[in-house]
Amino acid sequence: MTHAKLTSGERVIPVAEISGLVYQYLARIHQQQPELFLEKYRSLPWRSDRHQVALIPRLETELAKVNQIAEVWPKIQQILQFFLGANLLESSSFIQLKLEISQLLPLVELPQEFEWQSSNGTKSQSANAAKVDSGSNTSPAIAILLLDAENLQIDVKTEQFLSQSCAYPIQIKIAFANWRNMGKQDVELHKRGYELIHVPAGKDSADVKMATVGSSIFVHYPTAKEVLVCSSDRVMTHLCTTLKTHGLTVYLVHKQEKLIQVWNPRTGKTQIFNPEKSVEIHSLDDCIGHLKRIMQDEQQNTGNQWVELVKISKKFQQENGFTISQVTSKHLPGKKARELFSSHPEHFVIHQPPNQTGLYVALFQSEELGKGKQESLNSREVETTHQQTTFKVSSSSDLEKALLNLFHEMAAQSKQPSIPLTLLGDGFRKQHGQAVNTVLKEKLKLTGNLTKFLQNSDAFKLELSDKGWQVAIAAKTQK
């Protein structure tokens with residue numbers, strides 16, 4: 001039997017066994033999909049014993065050139081590409097080959113300081129090697145990412161967020177899809193170190209294959225401690241249950257509208273990431289208060305207590321820079337936007353007329369609208385509703401001055417050194433008949449929103465509390 005000695009230690013690489021598996025893989029691919037072979041190797045008798053006896057020693061000779069385990073996979077990939085060219089990752093059997101060979105090269109035998117090398121040749125040690133499972137003195141614990149690429153796309157920023165969501169480094173990344181229908185996504189993912197599993201066309205083919213491979217992943221990667229299951233399909237329950245029963249921590253990753261949500265069933269916590277931009281979503285109480293004020297304005301304008309949800313949602317997004325769905329995703333994971341209203345019957349009443357798709361919302365009228373200081377603030381809001389003036393602004397300093405005057409009035413009413421950001425914005429809209437964001441965009445031709453404006457202002461200071469952004473006067477502005 002041919003072996004290649006490791007430079008660090010006396011362990012050996014079982015070259016003969018690996019060469020046999022590589023040949024069997026090539027023979028299987030030739031039988032199932034001969035078109036994947038380069039033309040000059042397509043007509044070779046891959047099922048012939050004579051051909052096998054002749055080729056395996058040549059494979060052994062190539063594999064015997066490696067000196068460390070980290071060099072094994074690049075060498076195998078080089079051999080396969082010699083026969084298959086760029087079609088290497090089109091094969092759905094590739095992952096099976098890797099799993100079989102990984103049993104011959106168990107990760108637990110690697111020294112802790114060993115540099116790991118992925119299939120695309122990129123090394124990863126750094127902090128990854130420092131995160132070592134407390135139950136082992138020699139092997140670094142790892143996380144595995146399984147991606148249903150047909151139902152969920154992950155860019156580099158999202159992948160970085162996912163790597164921060166788990167406790168161990170993501171060392172194994174496997175994506176499943178019918179790559180013939182995915183454009184150039186296979187090329188991009190391959191460059192980022194993913195193993196690509198090709199599945200035939202058909203509904204649920206990718207997630208079924210993902211569940212099949214994932215259910216035995218702990219056998220082939222014994223140092224895996226965490227698995228991120230990335231799919232917008234909610235059919236991964238059995239896979240997650242299987243992984244959890246074998247002691248692995250499972251993260252369910254899916255996309256709702258533009259938000260990536262990472263749910264840990266063990267803790268019940270959900271982490272949310274917006275790949276397009278990072279937004280500060282206010283506290284639930286602040287958002288509910290803002291929704292109520294939007295509805296009060298609309299009721300006064302129309303004389304109708306019922307307000308269409310679509311209109312509320314559009315106004316809310318314009319004034320805050322984030323949607324009701326994003327609020328629901330953060331504060332009420334797993335629920336839809338309409339459930340934010342139905343789950344707070346003390347504030348809202350919802351109604352859907354027969355034979356109509358639109359949903360309407362009204363305020364629950366019997367509630368007592370605030371007490372004490374909040375009552376004073378609400379009284380101030382009602383007063384200013386009838387005192388709207390035409391706001392003339394020609395510069396940022398004009399807007400800043402108007403906000404300062406309004407702040408002093410509202411702070412005097414509340415007798416507090418700071419007020420909620422949403423309350424300042426609503427007060428401005430009631431006093432001047434237009435939102436601050438509208439003034440910024442349409443009159444001053446500036447990008448951003450009220451939050452950004454105040455952050456860039458020397459007159460104000462913003463502090464983020466558990467109840468959302470609070471606005472105060474900067475020290476040098478106070479009289």
# chains A, B, ... in the order shown; residues from 1 in each chain; ligands from 1
>>> select_by_dssp(residues="range 233-458 of chain A", states="strand (DSSP E)", output="PyMOL selection string")
chain A and resi 249-256+259-264+269-273+307-308+348-351+360-363+418-420
>>> write_last_selection(atoms="N, CA, C and O atoms", output="short mmCIF file (atom, residue, chain, number, x, y, z; two decimals), in the first residue's frame")
data_model
loop_
_atom_site.label_atom_id
_atom_site.label_comp_id
_atom_site.auth_asym_id
_atom_site.auth_seq_id
_atom_site.Cartn_x
_atom_site.Cartn_y
_atom_site.Cartn_z
N THR A 249 -25.79 22.36 17.48
CA THR A 249 -26.59 23.58 17.53
C THR A 249 -26.99 23.95 16.11
O THR A 249 -26.14 24.03 15.23
N VAL A 250 -28.27 24.16 15.89
CA VAL A 250 -28.79 24.43 14.55
C VAL A 250 -29.28 25.88 14.48
O VAL A 250 -29.96 26.35 15.39
N TYR A 251 -28.91 26.55 13.41
CA TYR A 251 -29.42 27.89 13.14
C TYR A 251 -30.26 27.82 11.87
O TYR A 251 -29.78 27.35 10.83
N LEU A 252 -31.49 28.28 11.94
CA LEU A 252 -32.36 28.32 10.76
C LEU A 252 -32.26 29.71 10.14
O LEU A 252 -32.57 30.71 10.79
N VAL A 253 -31.80 29.74 8.91
CA VAL A 253 -31.58 31.02 8.22
C VAL A 253 -32.57 31.12 7.06
O VAL A 253 -32.61 30.23 6.20
N HIS A 254 -33.37 32.17 7.05
CA HIS A 254 -34.28 32.38 5.93
C HIS A 254 -34.44 33.87 5.68
O HIS A 254 -33.97 34.71 6.47
N LYS A 255 -35.08 34.19 4.58
CA LYS A 255 -35.23 35.59 4.18
C LYS A 255 -36.70 35.97 4.19
O LYS A 255 -37.54 35.25 3.67
N GLN A 256 -37.00 37.10 4.81
CA GLN A 256 -38.35 37.64 4.81
C GLN A 256 -38.28 39.04 4.24
O GLN A 256 -37.69 39.93 4.83
N LEU A 259 -34.93 41.10 4.54
CA LEU A 259 -34.19 40.83 5.77
C LEU A 259 -33.78 39.37 5.89
O LEU A 259 -34.56 38.46 5.60
N ILE A 260 -32.54 39.16 6.31
CA ILE A 260 -32.06 37.82 6.63
C ILE A 260 -32.28 37.59 8.12
O ILE A 260 -31.84 38.39 8.95
N GLN A 261 -32.96 36.50 8.45
CA GLN A 261 -33.24 36.18 9.85
C GLN A 261 -32.54 34.88 10.23
O GLN A 261 -32.59 33.90 9.50
N VAL A 262 -31.87 34.90 11.37
CA VAL A 262 -31.16 33.73 11.89
C VAL A 262 -31.80 33.37 13.22
O VAL A 262 -31.69 34.12 14.20
N TRP A 263 -32.45 32.23 13.24
CA TRP A 263 -33.17 31.81 14.45
C TRP A 263 -32.48 30.62 15.08
O TRP A 263 -32.17 29.63 14.42
N ASN A 264 -32.21 30.73 16.38
CA ASN A 264 -31.63 29.63 17.15
C ASN A 264 -32.75 28.98 17.96
O ASN A 264 -33.19 29.54 18.96
N LYS A 269 -33.88 32.86 20.25
CA LYS A 269 -33.50 34.21 19.83
C LYS A 269 -33.35 34.29 18.31
O LYS A 269 -32.90 33.35 17.67
N THR A 270 -33.70 35.45 17.77
CA THR A 270 -33.59 35.70 16.33
C THR A 270 -32.68 36.90 16.10
O THR A 270 -32.85 37.94 16.74
N GLN A 271 -31.73 36.74 15.19
CA GLN A 271 -30.88 37.85 14.78
C GLN A 271 -31.32 38.28 13.38
O GLN A 271 -31.63 37.45 12.54
N ILE A 272 -31.31 39.58 13.13
CA ILE A 272 -31.82 40.12 11.87
C ILE A 272 -30.73 40.94 11.19
O ILE A 272 -30.00 41.70 11.84
N PHE A 273 -30.62 40.75 9.88
CA PHE A 273 -29.62 41.48 9.12
C PHE A 273 -30.24 41.98 7.82
O PHE A 273 -30.95 41.24 7.14
N VAL A 307 -58.75 53.21 8.45
CA VAL A 307 -57.61 53.61 7.60
C VAL A 307 -57.05 52.36 6.93
O VAL A 307 -56.83 51.34 7.60
N GLU A 308 -56.81 52.44 5.64
CA GLU A 308 -56.30 51.28 4.92
C GLU A 308 -54.86 50.98 5.34
O GLU A 308 -54.03 51.89 5.45
N PHE A 348 -55.49 48.70 18.64
CA PHE A 348 -55.99 48.66 17.27
C PHE A 348 -57.15 47.69 17.11
O PHE A 348 -57.28 46.70 17.85
N VAL A 349 -57.97 47.98 16.11
CA VAL A 349 -59.03 47.08 15.66
C VAL A 349 -58.85 46.89 14.16
O VAL A 349 -58.67 47.87 13.44
N ILE A 350 -58.85 45.64 13.70
CA ILE A 350 -58.66 45.40 12.27
C ILE A 350 -59.95 44.84 11.67
O ILE A 350 -60.73 44.18 12.35
N HIS A 351 -60.13 45.11 10.38
CA HIS A 351 -61.35 44.67 9.69
C HIS A 351 -61.04 44.44 8.22
O HIS A 351 -60.34 45.25 7.59
N TYR A 360 -58.26 46.99 6.76
CA TYR A 360 -58.46 48.31 7.35
C TYR A 360 -58.22 48.26 8.85
O TYR A 360 -58.51 47.25 9.51
N VAL A 361 -57.70 49.35 9.38
CA VAL A 361 -57.36 49.42 10.81
C VAL A 361 -57.99 50.67 11.41
O VAL A 361 -58.02 51.73 10.78
N ALA A 362 -58.49 50.52 12.63
CA ALA A 362 -59.02 51.66 13.38
C ALA A 362 -58.39 51.65 14.77
O ALA A 362 -57.88 50.62 15.24
N LEU A 363 -58.42 52.81 15.43
CA LEU A 363 -57.91 52.89 16.79
C LEU A 363 -58.99 52.43 17.77
O LEU A 363 -60.17 52.68 17.58
N SER A 418 -34.71 64.95 27.65
CA SER A 418 -34.69 64.34 26.31
C SER A 418 -36.09 63.87 25.96
O SER A 418 -36.93 63.63 26.84
N ILE A 419 -36.34 63.73 24.65
CA ILE A 419 -37.64 63.24 24.19
C ILE A 419 -37.40 62.20 23.10
O ILE A 419 -36.34 62.20 22.46
N PRO A 420 -38.35 61.31 22.86
CA PRO A 420 -38.18 60.31 21.80
C PRO A 420 -38.06 60.96 20.43
O PRO A 420 -38.74 61.96 20.13
#
>>> select_by_dssp(residues="range 134-271 of chain A", states="alpha helix (DSSP H)", output="JSON, numbers by chain")
{"A": [156, 157, 158, 159, 160, 161, 162, 163, 164, 165, 185, 186, 187, 188, 189, 190, 191, 205, 206, 207, 208, 209, 210, 211, 212, 213, 214, 217, 218, 219, 220, 237, 238, 239, 240, 241, 242, 243, 244, 245]}
>>> write_last_selection(atoms="N, CA, C and O atoms", output="compact mmCIF listing (two decimals), in the first residue's frame")
# COMPACT_ATOMS: atom_id res chain seq x y z
N VAL A 156 -21.60 38.19 0.12
CA VAL A 156 -20.45 38.16 1.02
C VAL A 156 -20.77 38.81 2.37
O VAL A 156 -20.40 38.31 3.42
N LYS A 157 -21.49 39.95 2.33
CA LYS A 157 -21.83 40.64 3.58
C LYS A 157 -22.72 39.77 4.47
O LYS A 157 -22.52 39.72 5.68
N THR A 158 -23.67 39.08 3.85
CA THR A 158 -24.54 38.20 4.63
C THR A 158 -23.75 37.04 5.22
O THR A 158 -23.96 36.65 6.37
N GLU A 159 -22.82 36.51 4.44
CA GLU A 159 -22.01 35.40 4.93
C GLU A 159 -21.15 35.85 6.12
O GLU A 159 -20.97 35.08 7.08
N GLN A 160 -20.65 37.06 6.07
CA GLN A 160 -19.88 37.58 7.20
C GLN A 160 -20.77 37.72 8.43
O GLN A 160 -20.34 37.42 9.56
N PHE A 161 -22.00 38.16 8.23
CA PHE A 161 -22.94 38.25 9.34
C PHE A 161 -23.21 36.88 9.94
O PHE A 161 -23.24 36.72 11.17
N LEU A 162 -23.39 35.87 9.08
CA LEU A 162 -23.65 34.52 9.57
C LEU A 162 -22.46 33.98 10.36
O LEU A 162 -22.63 33.29 11.37
N SER A 163 -21.26 34.30 9.91
CA SER A 163 -20.07 33.83 10.62
C SER A 163 -19.98 34.43 12.02
O SER A 163 -19.41 33.82 12.93
N GLN A 164 -20.55 35.63 12.18
CA GLN A 164 -20.55 36.27 13.50
C GLN A 164 -21.69 35.74 14.38
O GLN A 164 -21.67 35.92 15.59
N SER A 165 -22.66 35.10 13.75
CA SER A 165 -23.83 34.62 14.49
C SER A 165 -23.56 33.32 15.22
O SER A 165 -24.28 32.98 16.16
N GLN A 185 -24.08 31.91 -10.73
CA GLN A 185 -23.98 31.79 -9.28
C GLN A 185 -23.04 30.67 -8.86
O GLN A 185 -22.38 30.77 -7.83
N ASP A 186 -22.97 29.61 -9.67
CA ASP A 186 -22.06 28.51 -9.32
C ASP A 186 -20.62 28.98 -9.35
O ASP A 186 -19.81 28.61 -8.48
N VAL A 187 -20.27 29.82 -10.31
CA VAL A 187 -18.90 30.33 -10.40
C VAL A 187 -18.57 31.19 -9.19
O VAL A 187 -17.51 31.04 -8.57
N GLU A 188 -19.51 32.07 -8.83
CA GLU A 188 -19.27 32.95 -7.68
C GLU A 188 -19.13 32.16 -6.39
O GLU A 188 -18.21 32.39 -5.60
N LEU A 189 -20.05 31.22 -6.16
CA LEU A 189 -20.00 30.45 -4.92
C LEU A 189 -18.76 29.57 -4.86
O LEU A 189 -18.17 29.38 -3.79
N HIS A 190 -18.36 29.03 -6.00
CA HIS A 190 -17.15 28.20 -6.03
C HIS A 190 -15.93 29.03 -5.64
O HIS A 190 -15.06 28.56 -4.89
N LYS A 191 -15.86 30.26 -6.11
CA LYS A 191 -14.75 31.14 -5.76
C LYS A 191 -14.74 31.44 -4.26
O LYS A 191 -13.68 31.70 -3.69
N SER A 205 -36.20 19.70 -5.26
CA SER A 205 -35.04 18.82 -5.46
C SER A 205 -33.86 19.27 -4.61
O SER A 205 -33.17 18.44 -4.00
N ALA A 206 -33.63 20.58 -4.55
CA ALA A 206 -32.48 21.10 -3.81
C ALA A 206 -32.62 20.86 -2.32
O ALA A 206 -31.68 20.40 -1.67
N ASP A 207 -33.80 21.16 -1.75
CA ASP A 207 -33.92 21.01 -0.30
C ASP A 207 -33.99 19.54 0.12
O ASP A 207 -33.55 19.18 1.21
N VAL A 208 -34.53 18.68 -0.76
CA VAL A 208 -34.53 17.25 -0.44
C VAL A 208 -33.10 16.70 -0.40
O VAL A 208 -32.73 15.96 0.52
N LYS A 209 -32.30 17.08 -1.40
CA LYS A 209 -30.90 16.64 -1.41
C LYS A 209 -30.15 17.23 -0.23
O LYS A 209 -29.32 16.55 0.40
N MET A 210 -30.44 18.47 0.09
CA MET A 210 -29.80 19.12 1.23
C MET A 210 -30.14 18.40 2.53
O MET A 210 -29.27 18.20 3.39
N ALA A 211 -31.39 18.00 2.68
CA ALA A 211 -31.80 17.27 3.88
C ALA A 211 -31.12 15.90 3.95
O ALA A 211 -30.73 15.45 5.03
N THR A 212 -30.97 15.25 2.79
CA THR A 212 -30.34 13.93 2.76
C THR A 212 -28.87 14.00 3.16
O THR A 212 -28.40 13.23 4.00
N VAL A 213 -28.15 14.93 2.55
CA VAL A 213 -26.73 15.08 2.86
C VAL A 213 -26.55 15.59 4.29
O VAL A 213 -25.70 15.10 5.04
N GLY A 214 -27.36 16.58 4.68
CA GLY A 214 -27.22 17.17 6.00
C GLY A 214 -27.49 16.23 7.14
O GLY A 214 -26.89 16.35 8.22
N ILE A 217 -24.26 14.58 8.13
CA ILE A 217 -23.07 15.43 8.11
C ILE A 217 -22.23 15.25 9.36
O ILE A 217 -20.99 15.35 9.34
N PHE A 218 -22.87 14.96 10.50
CA PHE A 218 -22.15 14.81 11.76
C PHE A 218 -21.27 13.56 11.77
O PHE A 218 -20.31 13.48 12.52
N VAL A 219 -21.62 12.58 10.92
CA VAL A 219 -20.82 11.35 10.84
C VAL A 219 -19.50 11.64 10.13
O VAL A 219 -18.43 11.20 10.56
N HIS A 220 -19.57 12.41 9.07
CA HIS A 220 -18.40 12.67 8.25
C HIS A 220 -17.55 13.82 8.77
O HIS A 220 -16.37 13.92 8.45
N THR A 237 -37.64 20.84 8.90
CA THR A 237 -37.89 20.48 10.29
C THR A 237 -37.23 19.15 10.66
O THR A 237 -36.59 19.03 11.71
N HIS A 238 -37.39 18.15 9.80
CA HIS A 238 -36.81 16.83 10.09
C HIS A 238 -35.29 16.90 10.17
O HIS A 238 -34.68 16.31 11.07
N LEU A 239 -34.68 17.63 9.24
CA LEU A 239 -33.22 17.76 9.25
C LEU A 239 -32.77 18.42 10.55
O LEU A 239 -31.82 17.94 11.19
N CYS A 240 -33.41 19.50 10.93
CA CYS A 240 -33.02 20.20 12.15
C CYS A 240 -33.20 19.33 13.39
O CYS A 240 -32.35 19.34 14.29
N THR A 241 -34.28 18.57 13.41
CA THR A 241 -34.51 17.66 14.54
C THR A 241 -33.42 16.60 14.62
O THR A 241 -32.89 16.30 15.70
N THR A 242 -33.05 16.05 13.47
CA THR A 242 -32.00 15.03 13.43
C THR A 242 -30.68 15.59 13.94
O THR A 242 -29.99 14.95 14.75
N LEU A 243 -30.33 16.77 13.49
CA LEU A 243 -29.05 17.37 13.90
C LEU A 243 -29.06 17.69 15.39
O LEU A 243 -28.05 17.48 16.08
N LYS A 244 -30.17 18.20 15.88
CA LYS A 244 -30.24 18.56 17.30
C LYS A 244 -30.16 17.33 18.20
O LYS A 244 -29.54 17.39 19.27
N THR A 245 -30.75 16.20 17.76
CA THR A 245 -30.68 14.99 18.58
C THR A 245 -29.26 14.44 18.68
O THR A 245 -28.97 13.66 19.58
>>> atom_distance(atom1="CA of Trp469 in chain A", atom2="CA of Ile281 in chain A")
9.3 Å
>>> residues_around(residues="range 441-453 of chain A", least_positions_apart="2", cutoff="12 Å", atoms="only C-alpha atoms", output="MDAnalysis selection string")
chainID A and resid 279:282 317:322 391:400 403 420:426 428:429 434:439 455:464 468:471
>>> residues_around(residues="range 16-20 of chain A", least_positions_apart="3", cutoff="12 Å", atoms="only C-alpha atoms", output="PyMOL selection string")
chain A and resi 1-4+12-13+23-27+52-64+72-73+75-76+79-80+97-105
>>> closest_residue(among="A:Ala149, A:Ala411, A:Met295, A:Ile170", to="Leu196 in chain A", atoms="only C-alpha atoms")
A:Ala149
>>> atom_distance(atom1="CA of Ile294 in chain A", atom2="CA of Gly433 in chain A")
12.5 Å
>>> atom_distance(atom1="CA of Asn181 in chain A", atom2="CA of Leu152 in chain A")
14.2 Å
>>> residues_around(residues="Lys225 in chain A", least_positions_apart="3", cutoff="9 Å", atoms="only C-alpha atoms", output="VMD selection string")
chain A and resid 133 141 to 144 167 to 168 218 222 247 to 250
>>> closest_residue(among="A:Glu150, A:Glu226, A:Glu298, A:Asp155", to="Lys203 in chain A", atoms="only C-alpha atoms")
A:Glu150
